[in-house]
Amino acid sequence: MDTSRLTRIDETSWQIEPSGAMRVPGIIYGDETLIRAMDDKVAEQTANVASLPGIVKGAYVMPDAHWGYGFPIGGVAAFDPNEGGVVSAGGVGFDVSCGVRTLLTGLTVPEVRRVQERLADALMSSIPAGVGSHSGITLQGREMDAMLRGGAAWAVEKGWGGAEDLARIEERGRMEGADPDCVSERAKKRQRREMGTLGSGNHYLEVQAVETLYDPDTAAVLGLAEGDVVVTIHCGSRGLGHQIGTEFLRDMLPAAAEAGIHLPDRELACAPIHSPIGERYLGAMRSAINCALANRQILGEFAREVFARFFPDHPLDLLYDVSHNTCKVETHTVDGRPRRLFVHRKGATRAFGPAHADLPEALRGVGQPVLIGGSMGTGSHILVGTGAGDKAFSSACHGAGRAMSRRAALKRWRGRQVVDELAERGILIRSPSMRGVAEEAPGAYKDVDQVVIAAERAGLARRVAHLRPLICVKG
DNA sequence: ATGTAC
């Protein structure tokens, strides 16, 4: 990105001054290296988002951002329904409520090392992974609708996990306002056999070691100690969310024109929040959020079943579950006035600070866990929200972000070679797709450490722990 | 991300 077009606010905050149709500034967080490495298209897309009706304060961009469909991935934008604000399917993304959950095992690295190969094989055979994978669970009719209304709470009622899990999931495991009647039959049909499946691409289940603690006191509250083993799952709403995204991106284009909204880019298709299609999208998108929450709940239970075979005395406790592709109604104080806003986070994690009423009591002293997935080789990070200044409506980054296209990665690496190199470093990869592994080679990703350091310096969240992968089941 | 094109 050409930094000469930006105003540098401080070490890690850069501003695109409003010009042309922009209603608010664009704010990009990141150190100079990250900003320079970003495509100019990120700045262009940010300026486009800043021109949408009803946008409040600014169009925000996280340090791991790259250009996406309409909105940048790593973008945050909030809209006020009372000022003509819009909702945009492109502002949420195709994989609605894609997210990350981390479970504590109470095990230490040597205990897991002893069974690492067998554990990897067992996870691989119990966690459905890859394009079009199936778990054996089928849902249709009223049961599908119950899942779409109930999310992880539905999954718990059906026997996947316990009620204590729900407090540790955003929205307490169940997104209000979901309306399965707004979800097309085609979207439901695609999901019929996909509950409890990981999917493909950058989705994974990892067994990880807590390698470094940046804040041992906060880590202790989260239940993390150096040398502990945790399980992290990254996946979303599978075919259902994708179908909803596809349909509403298509249908919001004429709707925007009818509402008299000028779109600088047709990929920014959106509709007024209080319009028939805006409300239908919200009903469908919230159903997809529940689908993703239920999916991660079921996958977490599959992991519990596998671990119970190896370690019957070590139940897995849910640390937290975050979604990073959502539009949620939240109250934020803007210019001294609390306002009810529709906050779009696309490739961005909610990062509420300490004392926030939506956090479970056990976490209110430290802030919301922010779970950041890295690559297979470099590991992941756990941060907590600070709430300080309510920056970017209390949001933070979501991952490392690709540094190289899938195509370029395929030309550079062979999947088998990536698996062998990681095995030498004690990281066992299991995947149905060696092509997928090559595409996901650690070298194809940005340096996640640099991303989270930038997020911390920008005051979006603060680092608590770095996790190193031991086993990765890759979709 | 995605029954990797309807």
# chains A, B, ... in the order shown; residues from 1 in each chain; ligands from 1
call {"tool": "closest_atom_pairs", "arguments": {"of": "chain A", "to": "chain B", "cutoff": "9 Å", "atoms": "only C-alpha atoms (C1' of nucleotides)", "output": "JSON lines"}}
result
{"residue": "A:Gly93", "atom": "CA", "partner": "B:DA1", "partner_atom": "C1'", "distance": 8.4}
{"residue": "A:Phe94", "atom": "CA", "partner": "B:DA1", "partner_atom": "C1'", "distance": 6.1}
{"residue": "A:Asp95", "atom": "CA", "partner": "B:DA1", "partner_atom": "C1'", "distance": 5.3}
{"residue": "A:Cys98", "atom": "CA", "partner": "B:DA1", "partner_atom": "C1'", "distance": 8.9}
{"residue": "A:Val131", "atom": "CA", "partner": "B:DG3", "partner_atom": "C1'", "distance": 8.1}
{"residue": "A:Gly132", "atom": "CA", "partner": "B:DG3", "partner_atom": "C1'", "distance": 6.3}
{"residue": "A:Arg190", "atom": "CA", "partner": "B:DG3", "partner_atom": "C1'", "distance": 7.5}
{"residue": "A:Gly199", "atom": "CA", "partner": "B:DA1", "partner_atom": "C1'", "distance": 9.0}
{"residue": "A:Ser200", "atom": "CA", "partner": "B:DA1", "partner_atom": "C1'", "distance": 8.1}
{"residue": "A:Gly201", "atom": "CA", "partner": "B:DA1", "partner_atom": "C1'", "distance": 7.2}
{"residue": "A:Asn202", "atom": "CA", "partner": "B:DA1", "partner_atom": "C1'", "distance": 8.5}
{"residue": "A:Gly236", "atom": "CA", "partner": "B:DA1", "partner_atom": "C1'", "distance": 8.8}
{"residue": "A:Arg238", "atom": "CA", "partner": "B:DT2", "partner_atom": "C1'", "distance": 7.8}
{"residue": "A:Gly239", "atom": "CA", "partner": "B:DT2", "partner_atom": "C1'", "distance": 6.6}
{"residue": "A:His242", "atom": "CA", "partner": "B:DT2", "partner_atom": "C1'", "distance": 6.4}
{"residue": "A:Gln243", "atom": "CA", "partner": "B:DT2", "partner_atom": "C1'", "distance": 8.4}
call {"tool": "write_last_selection", "arguments": {"atoms": "C-alpha atoms", "output": "PDB file, in the first residue's frame"}}
result
ATOM      1  CA  GLY A  93     -18.463 -12.652   4.117  1.00  0.00           C
ATOM      2  CA  PHE A  94     -19.391 -15.989   2.617  1.00  0.00           C
ATOM      3  CA  ASP A  95     -18.400 -18.147   5.576  1.00  0.00           C
ATOM      4  CA  CYS A  98     -16.488 -18.638  10.748  1.00  0.00           C
ATOM      5  CA  VAL A 131     -14.673 -30.640   0.800  1.00  0.00           C
ATOM      6  CA  GLY A 132     -18.073 -32.303   1.057  1.00  0.00           C
ATOM      7  CA  ARG A 190     -26.714 -28.074   1.359  1.00  0.00           C
ATOM      8  CA  GLY A 199     -14.731 -28.092   5.821  1.00  0.00           C
ATOM      9  CA  SER A 200     -11.658 -27.238   3.827  1.00  0.00           C
ATOM     10  CA  GLY A 201      -9.240 -24.411   3.087  1.00  0.00           C
ATOM     11  CA  ASN A 202      -7.836 -22.813   6.219  1.00  0.00           C
ATOM     12  CA  GLY A 236     -17.707 -21.986  10.123  1.00  0.00           C
ATOM     13  CA  ARG A 238     -20.202 -24.653   5.793  1.00  0.00           C
ATOM     14  CA  GLY A 239     -22.496 -24.809   2.753  1.00  0.00           C
ATOM     15  CA  HIS A 242     -22.010 -19.842   1.774  1.00  0.00           C
ATOM     16  CA  GLN A 243     -25.371 -20.275   0.063  1.00  0.00           C
TER      17      GLN A 243
END
call {"tool": "select_by_dssp", "arguments": {"residues": "stretch 242-410 of chain A", "states": "strand (DSSP E)", "output": "count of residues only"}}
result
44
call {"tool": "residues_around", "arguments": {"residues": "stretch 284-288 of chain A", "least_positions_apart": "6", "cutoff": "8 Å", "atoms": "only C-alpha atoms (C1' of nucleotides)", "output": "number ranges by chain"}}
result
A: 96-97, 148-149, 151, 175-183, 237, 240-241, 244
call {"tool": "write_last_selection", "arguments": {"atoms": "all heavy atoms", "output": "compact mmCIF listing (two decimals), in the first residue's frame"}}
result
# COMPACT_ATOMS: atom_id res chain seq x y z
N VAL A 96 -20.23 -17.31 6.91
CA VAL A 96 -20.85 -16.59 8.02
C VAL A 96 -20.46 -17.24 9.36
O VAL A 96 -20.56 -18.46 9.51
CB VAL A 96 -22.39 -16.59 7.88
CG1 VAL A 96 -23.03 -15.90 9.08
CG2 VAL A 96 -22.81 -15.96 6.57
N SER A 97 -20.01 -16.41 10.30
CA SER A 97 -19.68 -16.86 11.65
C SER A 97 -18.54 -17.87 11.71
O SER A 97 -18.40 -18.61 12.67
CB SER A 97 -20.91 -17.42 12.37
OG SER A 97 -20.66 -17.49 13.76
N LEU A 148 -31.12 -24.01 13.55
CA LEU A 148 -30.87 -22.64 13.09
C LEU A 148 -31.35 -21.60 14.11
O LEU A 148 -30.82 -20.50 14.17
CB LEU A 148 -31.56 -22.41 11.73
CG LEU A 148 -30.99 -23.26 10.58
CD1 LEU A 148 -31.85 -23.10 9.32
CD2 LEU A 148 -29.54 -22.91 10.27
N ARG A 149 -32.35 -21.96 14.91
CA ARG A 149 -32.82 -21.05 15.97
C ARG A 149 -31.98 -21.18 17.23
O ARG A 149 -31.82 -20.23 17.97
CB ARG A 149 -34.27 -21.37 16.35
CG ARG A 149 -35.29 -20.81 15.40
CD ARG A 149 -36.69 -20.74 16.03
NE ARG A 149 -37.66 -20.54 14.97
CZ ARG A 149 -38.22 -21.52 14.28
NH1 ARG A 149 -37.96 -22.78 14.58
NH2 ARG A 149 -39.06 -21.26 13.30
N GLY A 151 -28.66 -22.79 17.77
CA GLY A 151 -27.20 -22.74 17.79
C GLY A 151 -26.57 -23.79 18.70
O GLY A 151 -27.01 -24.94 18.73
N MET A 175 -27.67 -17.18 18.96
CA MET A 175 -27.88 -15.85 18.41
C MET A 175 -29.37 -15.54 18.34
O MET A 175 -30.13 -16.28 17.69
CB MET A 175 -27.27 -15.80 17.00
CG MET A 175 -27.31 -14.44 16.35
SD MET A 175 -26.11 -13.35 17.12
CE MET A 175 -26.93 -11.78 16.89
N GLU A 176 -29.77 -14.47 19.00
CA GLU A 176 -31.18 -14.05 18.96
C GLU A 176 -31.53 -13.51 17.57
O GLU A 176 -30.66 -12.98 16.88
CB GLU A 176 -31.41 -12.92 19.97
CG GLU A 176 -31.39 -13.34 21.42
CD GLU A 176 -32.64 -14.10 21.84
OE1 GLU A 176 -33.67 -14.00 21.13
OE2 GLU A 176 -32.57 -14.79 22.86
N GLY A 177 -32.79 -13.62 17.21
CA GLY A 177 -33.25 -12.98 15.98
C GLY A 177 -33.04 -13.83 14.74
O GLY A 177 -33.26 -13.37 13.62
N ALA A 178 -32.61 -15.07 14.93
CA ALA A 178 -32.47 -15.96 13.78
C ALA A 178 -33.86 -16.37 13.29
O ALA A 178 -34.73 -16.68 14.11
CB ALA A 178 -31.68 -17.21 14.16
N ASP A 179 -34.07 -16.37 12.00
CA ASP A 179 -35.36 -16.76 11.43
C ASP A 179 -35.15 -17.76 10.29
O ASP A 179 -34.83 -17.37 9.17
CB ASP A 179 -36.09 -15.51 10.92
CG ASP A 179 -37.48 -15.85 10.41
OD1 ASP A 179 -37.83 -17.06 10.35
OD2 ASP A 179 -38.22 -14.92 10.06
N PRO A 180 -35.33 -19.04 10.60
CA PRO A 180 -35.09 -20.07 9.58
C PRO A 180 -35.97 -19.90 8.34
O PRO A 180 -35.61 -20.39 7.27
CB PRO A 180 -35.42 -21.38 10.30
CG PRO A 180 -35.28 -21.07 11.75
CD PRO A 180 -35.67 -19.63 11.91
N ASP A 181 -37.11 -19.18 8.48
CA ASP A 181 -37.95 -18.95 7.32
C ASP A 181 -37.26 -18.05 6.29
O ASP A 181 -37.68 -17.99 5.13
CB ASP A 181 -39.29 -18.31 7.73
CG ASP A 181 -40.17 -19.29 8.49
OD1 ASP A 181 -39.89 -20.51 8.40
OD2 ASP A 181 -41.09 -18.84 9.18
N CYS A 182 -36.24 -17.32 6.73
CA CYS A 182 -35.49 -16.45 5.81
C CYS A 182 -34.38 -17.21 5.09
O CYS A 182 -33.70 -16.65 4.22
CB CYS A 182 -34.88 -15.27 6.57
SG CYS A 182 -36.10 -14.22 7.39
N VAL A 183 -34.17 -18.47 5.48
CA VAL A 183 -33.10 -19.28 4.87
C VAL A 183 -33.71 -20.12 3.75
O VAL A 183 -34.71 -20.81 3.96
CB VAL A 183 -32.44 -20.20 5.93
CG1 VAL A 183 -31.37 -21.08 5.30
CG2 VAL A 183 -31.87 -19.37 7.07
N SER A 237 -19.81 -22.00 8.98
CA SER A 237 -21.20 -22.44 8.74
C SER A 237 -21.34 -23.24 7.45
O SER A 237 -22.45 -23.42 6.97
CB SER A 237 -22.14 -21.24 8.74
OG SER A 237 -21.70 -20.25 7.82
N LEU A 240 -24.25 -23.93 4.19
CA LEU A 240 -25.42 -23.08 4.47
C LEU A 240 -25.06 -21.61 4.46
O LEU A 240 -25.71 -20.80 3.79
CB LEU A 240 -26.03 -23.49 5.82
CG LEU A 240 -27.28 -22.70 6.22
CD1 LEU A 240 -28.42 -23.61 6.62
CD2 LEU A 240 -26.98 -21.71 7.34
N GLY A 241 -24.01 -21.25 5.16
CA GLY A 241 -23.59 -19.85 5.20
C GLY A 241 -23.17 -19.36 3.83
O GLY A 241 -23.50 -18.24 3.42
N ILE A 244 -26.25 -18.69 1.69
CA ILE A 244 -26.91 -17.45 2.12
C ILE A 244 -26.14 -16.24 1.61
O ILE A 244 -26.72 -15.29 1.06
CB ILE A 244 -27.05 -17.42 3.67
CG1 ILE A 244 -28.08 -18.45 4.11
CG2 ILE A 244 -27.42 -16.02 4.16
CD1 ILE A 244 -28.11 -18.70 5.62
call {"tool": "atom_distance", "arguments": {"atom1": "atom CA of A:Lys189", "atom2": "atom CA of A:Ser323"}}
result
23.4 Å
call {"tool": "select_by_dssp", "arguments": {"residues": "stretch 135-278 of chain A", "states": "alpha helix (DSSP H)", "output": "mmCIF file with N, CA and C atoms, in the first residue's frame"}}
result
data_model
loop_
_atom_site.group_PDB
_atom_site.id
_atom_site.type_symbol
_atom_site.label_atom_id
_atom_site.label_comp_id
_atom_site.auth_asym_id
_atom_site.auth_seq_id
_atom_site.Cartn_x
_atom_site.Cartn_y
_atom_site.Cartn_z
ATOM 1 N N GLY A 141 -36.034 -30.492 7.874
ATOM 2 C CA GLY A 141 -37.347 -30.065 8.365
ATOM 3 C C GLY A 141 -37.269 -29.315 9.681
ATOM 4 N N ARG A 142 -38.093 -29.720 10.631
ATOM 5 C CA ARG A 142 -38.188 -28.996 11.909
ATOM 6 C C ARG A 142 -36.899 -29.039 12.701
ATOM 7 N N GLU A 143 -36.160 -30.150 12.573
ATOM 8 C CA GLU A 143 -34.914 -30.264 13.328
ATOM 9 C C GLU A 143 -33.857 -29.290 12.796
ATOM 10 N N MET A 144 -33.832 -29.123 11.469
ATOM 11 C CA MET A 144 -32.936 -28.126 10.864
ATOM 12 C C MET A 144 -33.295 -26.734 11.382
ATOM 13 N N ASP A 145 -34.580 -26.432 11.400
ATOM 14 C CA ASP A 145 -35.018 -25.112 11.876
ATOM 15 C C ASP A 145 -34.688 -24.928 13.359
ATOM 16 N N ALA A 146 -34.829 -25.984 14.145
ATOM 17 C CA ALA A 146 -34.498 -25.900 15.575
ATOM 18 C C ALA A 146 -33.009 -25.598 15.754
ATOM 19 N N MET A 147 -32.174 -26.210 14.917
ATOM 20 C CA MET A 147 -30.732 -25.939 14.974
ATOM 21 C C MET A 147 -30.454 -24.481 14.610
ATOM 22 N N LEU A 148 -31.116 -24.010 13.552
ATOM 23 C CA LEU A 148 -30.869 -22.640 13.087
ATOM 24 C C LEU A 148 -31.348 -21.605 14.109
ATOM 25 N N ARG A 149 -32.354 -21.961 14.909
ATOM 26 C CA ARG A 149 -32.819 -21.047 15.973
ATOM 27 C C ARG A 149 -31.985 -21.179 17.229
ATOM 28 N N GLY A 150 -31.447 -22.374 17.468
ATOM 29 C CA GLY A 150 -30.879 -22.646 18.788
ATOM 30 C C GLY A 150 -29.363 -22.642 18.889
ATOM 31 N N GLY A 151 -28.661 -22.787 17.775
ATOM 32 C CA GLY A 151 -27.200 -22.736 17.792
ATOM 33 C C GLY A 151 -26.567 -23.789 18.696
ATOM 34 N N ALA A 152 -25.558 -23.380 19.450
ATOM 35 C CA ALA A 152 -24.869 -24.318 20.334
ATOM 36 C C ALA A 152 -25.802 -24.785 21.453
ATOM 37 N N ALA A 153 -26.776 -23.929 21.821
ATOM 38 C CA ALA A 153 -27.736 -24.332 22.859
ATOM 39 C C ALA A 153 -28.551 -25.530 22.370
ATOM 40 N N TRP A 154 -28.906 -25.510 21.082
ATOM 41 C CA TRP A 154 -29.591 -26.669 20.483
ATOM 42 C C TRP A 154 -28.699 -27.908 20.565
ATOM 43 N N ALA A 155 -27.418 -27.733 20.200
ATOM 44 C CA ALA A 155 -26.491 -28.871 20.209
ATOM 45 C C ALA A 155 -26.386 -29.482 21.604
ATOM 46 N N VAL A 156 -26.347 -28.609 22.632
ATOM 47 C CA VAL A 156 -26.257 -29.103 24.008
ATOM 48 C C VAL A 156 -27.525 -29.892 24.366
ATOM 49 N N GLU A 157 -28.679 -29.358 23.968
ATOM 50 C CA GLU A 157 -29.939 -30.078 24.234
ATOM 51 C C GLU A 157 -29.931 -31.464 23.584
ATOM 52 N N GLU A 185 -34.482 -22.992 0.936
ATOM 53 C CA GLU A 185 -34.472 -24.461 0.992
ATOM 54 C C GLU A 185 -33.148 -25.006 0.469
ATOM 55 N N ARG A 186 -32.611 -24.301 -0.521
ATOM 56 C CA ARG A 186 -31.352 -24.754 -1.104
ATOM 57 C C ARG A 186 -30.217 -24.691 -0.075
ATOM 58 N N ALA A 187 -30.204 -23.591 0.706
ATOM 59 C CA ALA A 187 -29.174 -23.462 1.735
ATOM 60 C C ALA A 187 -29.330 -24.575 2.777
ATOM 61 N N LYS A 188 -30.574 -24.850 3.166
ATOM 62 C CA LYS A 188 -30.825 -25.907 4.164
ATOM 63 C C LYS A 188 -30.435 -27.274 3.602
ATOM 64 N N LYS A 189 -30.737 -27.467 2.323
ATOM 65 C CA LYS A 189 -30.431 -28.751 1.705
ATOM 66 C C LYS A 189 -28.919 -28.993 1.686
ATOM 67 N N ARG A 190 -28.172 -27.924 1.388
ATOM 68 C CA ARG A 190 -26.714 -28.074 1.359
ATOM 69 C C ARG A 190 -26.159 -28.458 2.725
ATOM 70 N N GLN A 191 -26.886 -28.064 3.777
ATOM 71 C CA GLN A 191 -26.386 -28.291 5.141
ATOM 72 C C GLN A 191 -26.845 -29.624 5.719
ATOM 73 N N PRO A 216 1.259 -13.968 32.620
ATOM 74 C CA PRO A 216 0.922 -15.178 33.379
ATOM 75 C C PRO A 216 -0.317 -15.024 34.261
ATOM 76 N N ASP A 217 -0.555 -13.839 34.790
ATOM 77 C CA ASP A 217 -1.724 -13.663 35.668
ATOM 78 C C ASP A 217 -3.023 -13.818 34.888
ATOM 79 N N THR A 218 -3.081 -13.147 33.732
ATOM 80 C CA THR A 218 -4.282 -13.282 32.903
ATOM 81 C C THR A 218 -4.399 -14.719 32.389
ATOM 82 N N ALA A 219 -3.255 -15.299 32.006
ATOM 83 C CA ALA A 219 -3.268 -16.684 31.529
ATOM 84 C C ALA A 219 -3.865 -17.607 32.587
ATOM 85 N N ALA A 220 -3.502 -17.380 33.851
ATOM 86 C CA ALA A 220 -4.012 -18.228 34.933
ATOM 87 C C ALA A 220 -5.533 -18.130 35.023
ATOM 88 N N VAL A 221 -6.058 -16.923 34.841
ATOM 89 C CA VAL A 221 -7.517 -16.757 34.870
ATOM 90 C C VAL A 221 -8.162 -17.519 33.707
ATOM 91 N N LEU A 222 -7.458 -17.544 32.561
ATOM 92 C CA LEU A 222 -7.991 -18.276 31.401
ATOM 93 C C LEU A 222 -7.776 -19.788 31.536
ATOM 94 N N ARG A 238 -20.202 -23.694 6.904
ATOM 95 C CA ARG A 238 -20.202 -24.653 5.793
ATOM 96 C C ARG A 238 -21.081 -24.199 4.610
ATOM 97 N N GLY A 239 -21.760 -25.139 3.968
ATOM 98 C CA GLY A 239 -22.496 -24.809 2.753
ATOM 99 C C GLY A 239 -23.654 -23.850 2.980
ATOM 100 N N LEU A 240 -24.252 -23.930 4.189
ATOM 101 C CA LEU A 240 -25.422 -23.084 4.473
ATOM 102 C C LEU A 240 -25.057 -21.606 4.456
ATOM 103 N N GLY A 241 -24.005 -21.249 5.160
ATOM 104 C CA GLY A 241 -23.592 -19.847 5.201
ATOM 105 C C GLY A 241 -23.174 -19.360 3.826
ATOM 106 N N HIS A 242 -22.481 -20.208 3.106
ATOM 107 C CA HIS A 242 -22.010 -19.842 1.774
ATOM 108 C C HIS A 242 -23.186 -19.583 0.833
ATOM 109 N N GLN A 243 -24.191 -20.434 0.924
ATOM 110 C CA GLN A 243 -25.371 -20.275 0.063
ATOM 111 C C GLN A 243 -26.116 -18.982 0.407
ATOM 112 N N ILE A 244 -26.252 -18.685 1.691
ATOM 113 C CA ILE A 244 -26.915 -17.450 2.124
ATOM 114 C C ILE A 244 -26.140 -16.240 1.608
ATOM 115 N N GLY A 245 -24.837 -16.271 1.748
ATOM 116 C CA GLY A 245 -24.009 -15.172 1.251
ATOM 117 C C GLY A 245 -24.196 -14.979 -0.248
ATOM 118 N N THR A 246 -24.162 -16.052 -0.981
ATOM 119 C CA THR A 246 -24.301 -15.996 -2.444
ATOM 120 C C THR A 246 -25.646 -15.393 -2.839
ATOM 121 N N GLU A 247 -26.704 -15.878 -2.202
ATOM 122 C CA GLU A 247 -28.046 -15.417 -2.578
ATOM 123 C C GLU A 247 -28.262 -13.942 -2.235
ATOM 124 N N PHE A 248 -27.816 -13.544 -1.059
ATOM 125 C CA PHE A 248 -28.085 -12.157 -0.660
ATOM 126 C C PHE A 248 -27.165 -11.164 -1.360
ATOM 127 N N LEU A 249 -25.957 -11.582 -1.699
ATOM 128 C CA LEU A 249 -25.110 -10.691 -2.494
ATOM 129 C C LEU A 249 -25.799 -10.411 -3.827
ATOM 130 N N ARG A 250 -26.393 -11.424 -4.393
ATOM 131 C CA ARG A 250 -27.116 -11.291 -5.655
ATOM 132 C C ARG A 250 -28.339 -10.387 -5.474
ATOM 133 N N ASP A 251 -29.138 -10.650 -4.438
ATOM 134 C CA ASP A 251 -30.419 -9.954 -4.285
ATOM 135 C C ASP A 251 -30.280 -8.536 -3.723
ATOM 136 N N MET A 252 -29.169 -8.262 -3.046
ATOM 137 C CA MET A 252 -29.000 -6.920 -2.481
ATOM 138 C C MET A 252 -28.586 -5.899 -3.538
ATOM 139 N N LEU A 253 -28.116 -6.374 -4.672
ATOM 140 C CA LEU A 253 -27.668 -5.438 -5.705
ATOM 141 C C LEU A 253 -28.838 -4.618 -6.256
ATOM 142 N N PRO A 254 -29.910 -5.275 -6.748
ATOM 143 C CA PRO A 254 -31.064 -4.470 -7.184
ATOM 144 C C PRO A 254 -31.737 -3.741 -6.019
ATOM 145 N N ALA A 255 -31.683 -4.348 -4.820
ATOM 146 C CA ALA A 255 -32.312 -3.710 -3.645
ATOM 147 C C ALA A 255 -31.627 -2.380 -3.327
ATOM 148 N N ALA A 256 -30.300 -2.340 -3.464
ATOM 149 C CA ALA A 256 -29.566 -1.102 -3.191
ATOM 150 C C ALA A 256 -29.979 -0.026 -4.195
ATOM 151 N N ALA A 257 -30.078 -0.422 -5.442
ATOM 152 C CA ALA A 257 -30.476 0.538 -6.485
ATOM 153 C C ALA A 257 -31.868 1.090 -6.194
ATOM 154 N N GLU A 258 -32.791 0.190 -5.821
ATOM 155 C CA GLU A 258 -34.167 0.619 -5.514
ATOM 156 C C GLU A 258 -34.214 1.578 -4.329
ATOM 157 N N PRO A 276 -37.303 -4.738 3.782
ATOM 158 C CA PRO A 276 -37.665 -6.169 3.763
ATOM 159 C C PRO A 276 -36.447 -7.073 3.532
ATOM 160 N N ILE A 277 -35.613 -6.720 2.558
ATOM 161 C CA ILE A 277 -34.481 -7.622 2.283
ATOM 162 C C ILE A 277 -33.406 -7.508 3.371
ATOM 163 N N GLY A 278 -33.228 -6.308 3.940
ATOM 164 C CA GLY A 278 -32.274 -6.141 5.037
ATOM 165 C C GLY A 278 -32.669 -7.028 6.214
#
call {"tool": "residues_around", "arguments": {"residues": "A:Ala348", "least_positions_apart": "4", "cutoff": "6 Å", "atoms": "only C-alpha atoms (C1' of nucleotides)", "output": "PyMOL selection string"}}
result
chain A and resi 74+324+396-398
call {"tool": "write_last_selection", "arguments": {"atoms": "N, CA and C atoms", "output": "mmCIF file, in the first residue's frame"}}
result
data_model
loop_
_atom_site.group_PDB
_atom_site.id
_atom_site.type_symbol
_atom_site.label_atom_id
_atom_site.label_comp_id
_atom_site.auth_asym_id
_atom_site.auth_seq_id
_atom_site.Cartn_x
_atom_site.Cartn_y
_atom_site.Cartn_z
ATOM 1 N N GLY A 74 -10.781 -8.430 7.282
ATOM 2 C CA GLY A 74 -10.086 -7.661 8.321
ATOM 3 C C GLY A 74 -10.723 -6.289 8.456
ATOM 4 N N HIS A 324 -15.602 -14.681 13.684
ATOM 5 C CA HIS A 324 -14.968 -13.509 13.075
ATOM 6 C C HIS A 324 -15.549 -13.090 11.717
ATOM 7 N N ALA A 396 -10.556 -6.761 17.014
ATOM 8 C CA ALA A 396 -9.133 -7.056 16.816
ATOM 9 C C ALA A 396 -8.978 -7.941 15.583
ATOM 10 N N CYS A 397 -7.742 -8.301 15.300
ATOM 11 C CA CYS A 397 -7.447 -9.112 14.115
ATOM 12 C C CYS A 397 -8.005 -10.527 14.272
ATOM 13 N N HIS A 398 -7.862 -11.351 13.247
ATOM 14 C CA HIS A 398 -8.416 -12.711 13.342
ATOM 15 C C HIS A 398 -7.425 -13.796 12.959
#
call {"tool": "residues_around", "arguments": {"residues": "A:Gly58", "least_positions_apart": "4", "cutoff": "10 Å", "atoms": "only C-alpha atoms (C1' of nucleotides)", "output": "list in words"}}
result
Gln15, Ile16, Pro18, Met22, Arg23, Val24, Pro25, Gly26, Ile27, Ile28, Thr46, Ala47, Val49, Ala50, Ser51, Val76, Ala77, Ala78, Phe79, Ala392 and Phe393 of chain A
call {"tool": "write_last_selection", "arguments": {"atoms": "C-alpha atoms", "output": "compact mmCIF listing (two decimals), in the first residue's frame"}}
result
# COMPACT_ATOMS: atom_id res chain seq x y z
CA GLN A 15 -5.85 7.37 8.30
CA ILE A 16 -7.41 7.73 4.87
CA PRO A 18 -12.39 11.58 3.78
CA MET A 22 -16.46 9.11 1.80
CA ARG A 23 -18.64 10.00 4.80
CA VAL A 24 -16.06 9.06 7.43
CA PRO A 25 -12.30 8.43 7.44
CA GLY A 26 -10.72 5.03 6.90
CA ILE A 27 -8.54 3.86 9.81
CA ILE A 28 -5.95 1.17 9.17
CA THR A 46 -11.86 0.85 2.76
CA ALA A 47 -12.68 4.17 1.07
CA VAL A 49 -16.98 1.15 2.66
CA ALA A 50 -16.57 4.65 4.18
CA SER A 51 -19.00 5.97 1.58
CA VAL A 76 -14.94 -3.44 10.67
CA ALA A 77 -17.82 -1.04 9.94
CA ALA A 78 -20.79 -0.01 12.09
CA PHE A 79 -24.04 1.43 10.80
CA ALA A 392 -12.77 -0.12 16.01
CA PHE A 393 -15.88 -0.82 18.13
